[in-house]
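Student: What follows is a single structure, and I will ask about it in a moment.
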Amino acid sequence: MQRYFVPEEGWKENSIRITGDDRHHINRVMRMQSGDSIICNAPAGTAAVCTITEVTDQYISADIVEWLEESKELPIDVTIAHGLPKGDKLELVLQKGTELGASRFIPFQAGRSIVKWDQKKAEKKLSRYRKIVKEASEQSHRNVVPEVEAFLDFQALLEKSEEYPVKIFAYEDEAKTNDYQGLSVILSNVEPGQKIIACIGPEGGYTIEEAEAFKAHGFEPVRLGPRILRTETAPLYLLSSISYHFEELGC
């Protein structure tokens with residue numbers, strides 16, 4: 001069943017009203033009509049099966065039939081902070097990272113980021129990125145749409161990290177030593193409900209100065225397996241490992 005995230009203003013007592021791109025998708029792409037069923041998610045994370053009652057060129061109306069009792073979210077709150085990579089790699093991270101359960105994404109300017117954003121470009125990119133995570137949330141039946149926060153410089157990222165009790169950064173030097181700190185060691189000390197920020201470097205990784213700054217601000221360096229991963233692969237490995245640890249290992 002097709003799923004849509006409806007903003008707060010679209011919810012009434014027993015019905016909903018859908019406008020904008022989702023109205024177009026229901027009407028023009030899916031060719032739905034009155035009587036068809038959809039799932040609508042509210043901003044708070046609740047979801048309901050709804051039956052379409054009216055299709056117009058301005059809006060879609062639907063009645064709430066049944067509230068669903070479901071939770072598709074990771075048991076911990078995971079933020080992926082990603083150094084700006086080249087091309088459309090970040091779009092892949094956003095899409096697949098959403099499917100894998102990330103709570104939010106923070107793009108940041110790392111020392112070895114080849115890409116440079118000014119404010120105008122950042123605003124345009126963020127609009128597209130937020131659309132990507134919304135569509136990925138609908139496809140993967142998430143309860144909420146992950147946040148894509150405004151991009152930060154490195155110092156602002158360090159300051160932002162003070163909000164998190166658990167802080168890690170994927171560091172390739174950890175994969176090159178026998179005396180490494182594995183991800184499983186850190187995850188075993190994380191409690192359900194805690195917030196964790198995980199930083200991923202761009203192509204070329206972090207500078208020595210950035211690695212030292214992370215450590216000085218309470219970040220733990222971790223390796224993501226014994227192989228060196230591409231920048232777009234690392235966050236997906238990380239999220240998959242977190243999902244396995246918290247959602248599958250105890251099953």
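Every chain in the structure tokens has a letter given in the order shown (A, B, ...), and although residue numbers restart at 1 in each chain, ligands are simply numbered from 1 in the order shown.
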Give me, as a Markdown table, the closest atom pair and its distance (Å, one decimal) for every residue of stretch 100-146 of chain A within a cut-off of 10 Å of stretch 68-82 of chain A, counting only C-alpha atoms, rows sorted by chain and rising number.
Tutor:
```
| residue | atom | partner | partner_atom | distance |
| --- | --- | --- | --- | --- |
| A:Leu100 | CA | A:Leu74 | CA | 8.5 |
| A:Gly101 | CA | A:Leu74 | CA | 5.7 |
| A:Ala102 | CA | A:Val78 | CA | 5.2 |
| A:Ser103 | CA | A:Val78 | CA | 5.3 |
| A:Arg104 | CA | A:Thr79 | CA | 4.8 |
| A:Phe105 | CA | A:Ile80 | CA | 4.8 |
| A:Ile106 | CA | A:Ala81 | CA | 4.4 |
| A:Pro107 | CA | A:His82 | CA | 4.9 |
| A:Phe108 | CA | A:His82 | CA | 6.0 |
| A:Gln109 | CA | A:His82 | CA | 8.5 |
| A:Ala110 | CA | A:His82 | CA | 8.6 |
| A:Ser140 | CA | A:Lys72 | CA | 8.9 |
| A:His141 | CA | A:Lys72 | CA | 7.1 |
| A:Arg142 | CA | A:Lys72 | CA | 5.5 |
| A:Asn143 | CA | A:Lys72 | CA | 6.1 |
| A:Val144 | CA | A:Glu73 | CA | 7.9 |
| A:Pro146 | CA | A:Thr79 | CA | 9.2 |
```
Student: Set out as a Markdown table a contact list for stretch 139-247 of chain A and stretch 118-128 of chain A with a cut-off of 9 Å, giving each residue of stretch 139-247 of chain A that qualifies its closest atom pair and distance in Å to one decimal, counting only C-alpha atoms, ordered by chain and rising residue number.
Tutor:
```
| residue | atom | partner | partner_atom | distance |
| --- | --- | --- | --- | --- |
| A:Val148 | CA | A:Leu126 | CA | 7.1 |
| A:Glu149 | CA | A:Leu126 | CA | 7.9 |
| A:Ala150 | CA | A:Leu126 | CA | 7.1 |
| A:Phe151 | CA | A:Ala122 | CA | 7.1 |
```
Student: Write the residues of the preceding selection, restricted to all heavy atoms, as a compact mmCIF listing (two decimals), in the first residue's frame.
Tutor:
```txt
# COMPACT_ATOMS: atom_id res chain seq x y z
N VAL A 148 17.42 16.46 7.48
CA VAL A 148 18.67 16.82 6.80
C VAL A 148 18.99 18.23 7.25
O VAL A 148 18.31 19.19 6.87
CB VAL A 148 18.56 16.74 5.27
CG1 VAL A 148 19.91 17.05 4.62
CG2 VAL A 148 18.06 15.37 4.82
N GLU A 149 19.98 18.37 8.10
CA GLU A 149 20.28 19.66 8.69
C GLU A 149 21.15 20.50 7.76
O GLU A 149 21.81 19.99 6.86
CB GLU A 149 20.96 19.47 10.04
CG GLU A 149 20.07 18.74 11.05
CD GLU A 149 20.60 18.84 12.46
OE1 GLU A 149 21.55 19.61 12.71
OE2 GLU A 149 20.04 18.15 13.34
N ALA A 150 21.15 21.80 8.01
CA ALA A 150 21.98 22.72 7.23
C ALA A 150 23.45 22.34 7.37
O ALA A 150 23.89 21.91 8.44
CB ALA A 150 21.75 24.15 7.70
N PHE A 151 24.20 22.48 6.28
CA PHE A 151 25.58 22.02 6.30
C PHE A 151 26.44 22.91 7.20
O PHE A 151 26.17 24.10 7.38
CB PHE A 151 26.11 21.92 4.88
CG PHE A 151 27.02 23.01 4.42
CD1 PHE A 151 28.38 22.75 4.29
CD2 PHE A 151 26.55 24.27 4.09
CE1 PHE A 151 29.25 23.74 3.86
CE2 PHE A 151 27.40 25.25 3.66
CZ PHE A 151 28.76 24.99 3.54
```
Student: What are the closest atom pairs, with distances in Å to one decimal, for each residue of stretch 58-140 of chain A lying within 10 Å of stretch 217-234 of chain A, using only C-alpha atoms, rows by chain and rising residue number, as a tab-separated table?
Tutor:
```
residue	atom	partner	partner_atom	distance
A:His82	CA	A:Thr231	CA	8.5
A:Gly83	CA	A:Thr231	CA	8.6
A:Leu84	CA	A:Thr231	CA	9.5
A:Pro85	CA	A:Thr231	CA	7.4
A:Lys86	CA	A:Thr231	CA	9.7
A:Asp88	CA	A:Glu232	CA	9.7
A:Lys89	CA	A:Glu232	CA	5.9
A:Leu90	CA	A:Glu232	CA	7.0
A:Glu91	CA	A:Glu232	CA	9.3
A:Leu92	CA	A:Glu232	CA	7.2
A:Val93	CA	A:Glu232	CA	5.9
A:Leu94	CA	A:Glu232	CA	9.6
A:Lys96	CA	A:Glu232	CA	9.7
A:Gly97	CA	A:Glu232	CA	9.8
```
Student: Which residues are close to A:Ser241, i.e. within 10 Å by only C-alpha atoms, leaving aside same-chain residues fewer than 5 positions away? Reply as JSON, numbers by chain.
Tutor: {"A": [100, 183, 184, 187, 224, 235, 236, 246, 247, 248]}
Student: Looking only at strand (DSSP E or B) from DSSP on the backbone, list the matching residues of stretch 34-183 of chain A as a PyMOL selection string.
Tutor: chain A and resi 37-41+47-55+60-68+77-83+104-109+147-148+152-153+166-170+182
Student: Once you have the residues from the selection above, write them out as a compact mmCIF listing (two decimals), in the first residue's frame, restricted to N, CA and C atoms.
Tutor:
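File produced: out-v7.txt:
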```
# COMPACT_ATOMS: atom_id res chain seq x y z
N SER A 37 -7.15 2.83 -1.19
CA SER A 37 -6.58 2.97 0.15
C SER A 37 -5.11 3.38 0.09
N ILE A 38 -4.71 4.19 1.04
CA ILE A 38 -3.32 4.61 1.20
C ILE A 38 -2.99 4.62 2.69
N ILE A 39 -1.70 4.68 3.01
CA ILE A 39 -1.27 4.86 4.39
C ILE A 39 -0.73 6.28 4.53
N CYS A 40 -1.17 6.98 5.55
CA CYS A 40 -0.73 8.35 5.78
C CYS A 40 0.00 8.43 7.12
N ASN A 41 1.19 9.02 7.10
CA ASN A 41 1.98 9.21 8.31
C ASN A 41 1.87 10.64 8.79
N ALA A 47 0.68 6.45 12.14
CA ALA A 47 0.26 6.18 10.77
C ALA A 47 -1.14 5.59 10.76
N ALA A 48 -1.88 5.84 9.69
CA ALA A 48 -3.25 5.35 9.57
C ALA A 48 -3.54 4.90 8.15
N VAL A 49 -4.34 3.85 8.04
CA VAL A 49 -4.89 3.46 6.74
C VAL A 49 -6.04 4.40 6.44
N CYS A 50 -6.03 4.97 5.24
CA CYS A 50 -7.06 5.94 4.85
C CYS A 50 -7.67 5.54 3.51
N THR A 51 -8.93 5.90 3.33
CA THR A 51 -9.63 5.66 2.08
C THR A 51 -9.89 6.98 1.38
N ILE A 52 -9.46 7.07 0.13
CA ILE A 52 -9.63 8.30 -0.64
C ILE A 52 -11.12 8.55 -0.89
N THR A 53 -11.55 9.79 -0.62
CA THR A 53 -12.96 10.15 -0.82
C THR A 53 -13.16 11.17 -1.94
N GLU A 54 -12.09 11.93 -2.25
CA GLU A 54 -12.24 12.98 -3.27
C GLU A 54 -10.87 13.24 -3.91
N VAL A 55 -10.87 13.32 -5.24
CA VAL A 55 -9.66 13.61 -6.01
C VAL A 55 -9.91 14.83 -6.87
N ILE A 60 -6.31 16.09 -2.43
CA ILE A 60 -6.89 14.76 -2.25
C ILE A 60 -7.47 14.70 -0.84
N SER A 61 -8.71 14.27 -0.71
CA SER A 61 -9.30 14.06 0.61
C SER A 61 -9.41 12.57 0.88
N ALA A 62 -9.19 12.20 2.15
CA ALA A 62 -9.30 10.79 2.53
C ALA A 62 -9.79 10.69 3.96
N ASP A 63 -10.57 9.64 4.23
CA ASP A 63 -11.06 9.37 5.59
C ASP A 63 -10.13 8.40 6.30
N ILE A 64 -9.92 8.63 7.58
CA ILE A 64 -9.11 7.73 8.39
C ILE A 64 -9.94 6.49 8.73
N VAL A 65 -9.42 5.33 8.36
CA VAL A 65 -10.15 4.07 8.58
C VAL A 65 -9.61 3.33 9.80
N GLU A 66 -8.28 3.27 9.92
CA GLU A 66 -7.67 2.48 11.00
C GLU A 66 -6.30 3.02 11.34
N TRP A 67 -6.05 3.24 12.62
CA TRP A 67 -4.72 3.63 13.08
C TRP A 67 -3.86 2.38 13.23
N LEU A 68 -2.63 2.47 12.76
CA LEU A 68 -1.72 1.33 12.79
C LEU A 68 -0.84 1.37 14.04
N ASP A 77 18.97 6.58 18.31
CA ASP A 77 18.88 7.74 17.44
C ASP A 77 20.25 7.99 16.81
N VAL A 78 20.37 7.72 15.50
CA VAL A 78 21.67 7.78 14.82
C VAL A 78 21.73 8.97 13.86
N THR A 79 22.70 9.84 14.08
CA THR A 79 22.97 10.94 13.16
C THR A 79 24.22 10.61 12.35
N ILE A 80 24.11 10.71 11.04
CA ILE A 80 25.26 10.54 10.16
C ILE A 80 25.75 11.92 9.73
N ALA A 81 26.95 12.28 10.17
CA ALA A 81 27.59 13.52 9.72
C ALA A 81 28.59 13.14 8.64
N HIS A 82 28.42 13.69 7.45
CA HIS A 82 29.20 13.23 6.30
C HIS A 82 29.98 14.38 5.67
N GLY A 83 31.29 14.21 5.58
CA GLY A 83 32.10 15.20 4.86
C GLY A 83 31.68 15.25 3.41
N ARG A 104 18.96 11.36 11.30
CA ARG A 104 19.26 12.65 10.66
C ARG A 104 20.61 12.59 9.98
N PHE A 105 20.81 13.58 9.11
CA PHE A 105 22.06 13.70 8.36
C PHE A 105 22.58 15.13 8.49
N ILE A 106 23.89 15.25 8.65
CA ILE A 106 24.53 16.56 8.69
C ILE A 106 25.68 16.56 7.69
N PRO A 107 25.53 17.24 6.55
CA PRO A 107 26.68 17.40 5.65
C PRO A 107 27.63 18.46 6.22
N PHE A 108 28.93 18.22 6.11
CA PHE A 108 29.88 19.20 6.62
C PHE A 108 31.10 19.33 5.70
N GLN A 109 31.73 20.47 5.80
CA GLN A 109 32.91 20.77 4.99
C GLN A 109 34.16 20.24 5.70
N GLU A 147 15.75 14.01 9.45
CA GLU A 147 16.11 15.41 9.21
C GLU A 147 17.38 15.48 8.36
N VAL A 148 17.42 16.46 7.48
CA VAL A 148 18.67 16.82 6.80
C VAL A 148 18.99 18.23 7.25
N LEU A 152 27.45 22.30 7.79
CA LEU A 152 28.29 22.96 8.79
C LEU A 152 29.76 22.95 8.37
N ASP A 153 30.53 23.91 8.89
CA ASP A 153 31.97 23.78 8.77
C ASP A 153 32.45 22.86 9.89
N VAL A 166 27.08 9.84 22.77
CA VAL A 166 27.96 8.86 22.12
C VAL A 166 28.45 9.46 20.80
N LYS A 167 29.77 9.51 20.63
CA LYS A 167 30.36 10.16 19.45
C LYS A 167 31.46 9.27 18.88
N ILE A 168 31.34 8.95 17.60
CA ILE A 168 32.36 8.13 16.95
C ILE A 168 32.72 8.73 15.60
N PHE A 169 33.90 8.41 15.11
CA PHE A 169 34.26 8.76 13.74
C PHE A 169 34.99 7.59 13.11
N ALA A 170 34.58 7.26 11.89
CA ALA A 170 35.21 6.16 11.16
C ALA A 170 36.58 6.64 10.70
N GLY A 182 36.97 -1.90 17.68
CA GLY A 182 35.87 -2.33 16.83
C GLY A 182 34.57 -1.63 17.16
```
Student: Which is closest to A:Tyr164 among A:Met1, A:Val190, A:Ile18, A:Ala136, if we use only C-alpha atoms?
Tutor: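 Ranked by minimum distance to A:Tyr164, first place goes to A:Val190.
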Student: Between A:Gln155, A:Ser240, A:Gln2, A:Asn14, which residue has the minimum interatomic distance to A:Ile26, considering only C-alpha atoms?
Tutor: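 Among the listed residues, A:Gln2 lies closest to A:Ile26.
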Student: For atom CA of A:Phe5 and atom CA of A:Tyr59, quote the distance in Å rounded to one decimal.
Tutor: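 Between these atoms lies a distance of 14.5 Å.
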Student: I need the residue nearest A:Val185 from this list: A:Gly111, A:Lys215, A:Gly87, A:Ile242. Use only C-alpha atoms for the distance.
Tutor: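 Of A:Gly111, A:Lys215, A:Gly87, A:Ile242, the one nearest A:Val185 is A:Ile242, counting only C-alpha atoms.
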Student: Considering only alpha helix (DSSP H) as DSSP defines it on the backbone, what residues of stretch 79-216 of chain A qualify? List them as a PyMOL selection string.
Tutor: chain A and resi 89-99+119-139+154-160+172-175+183-187+208-216
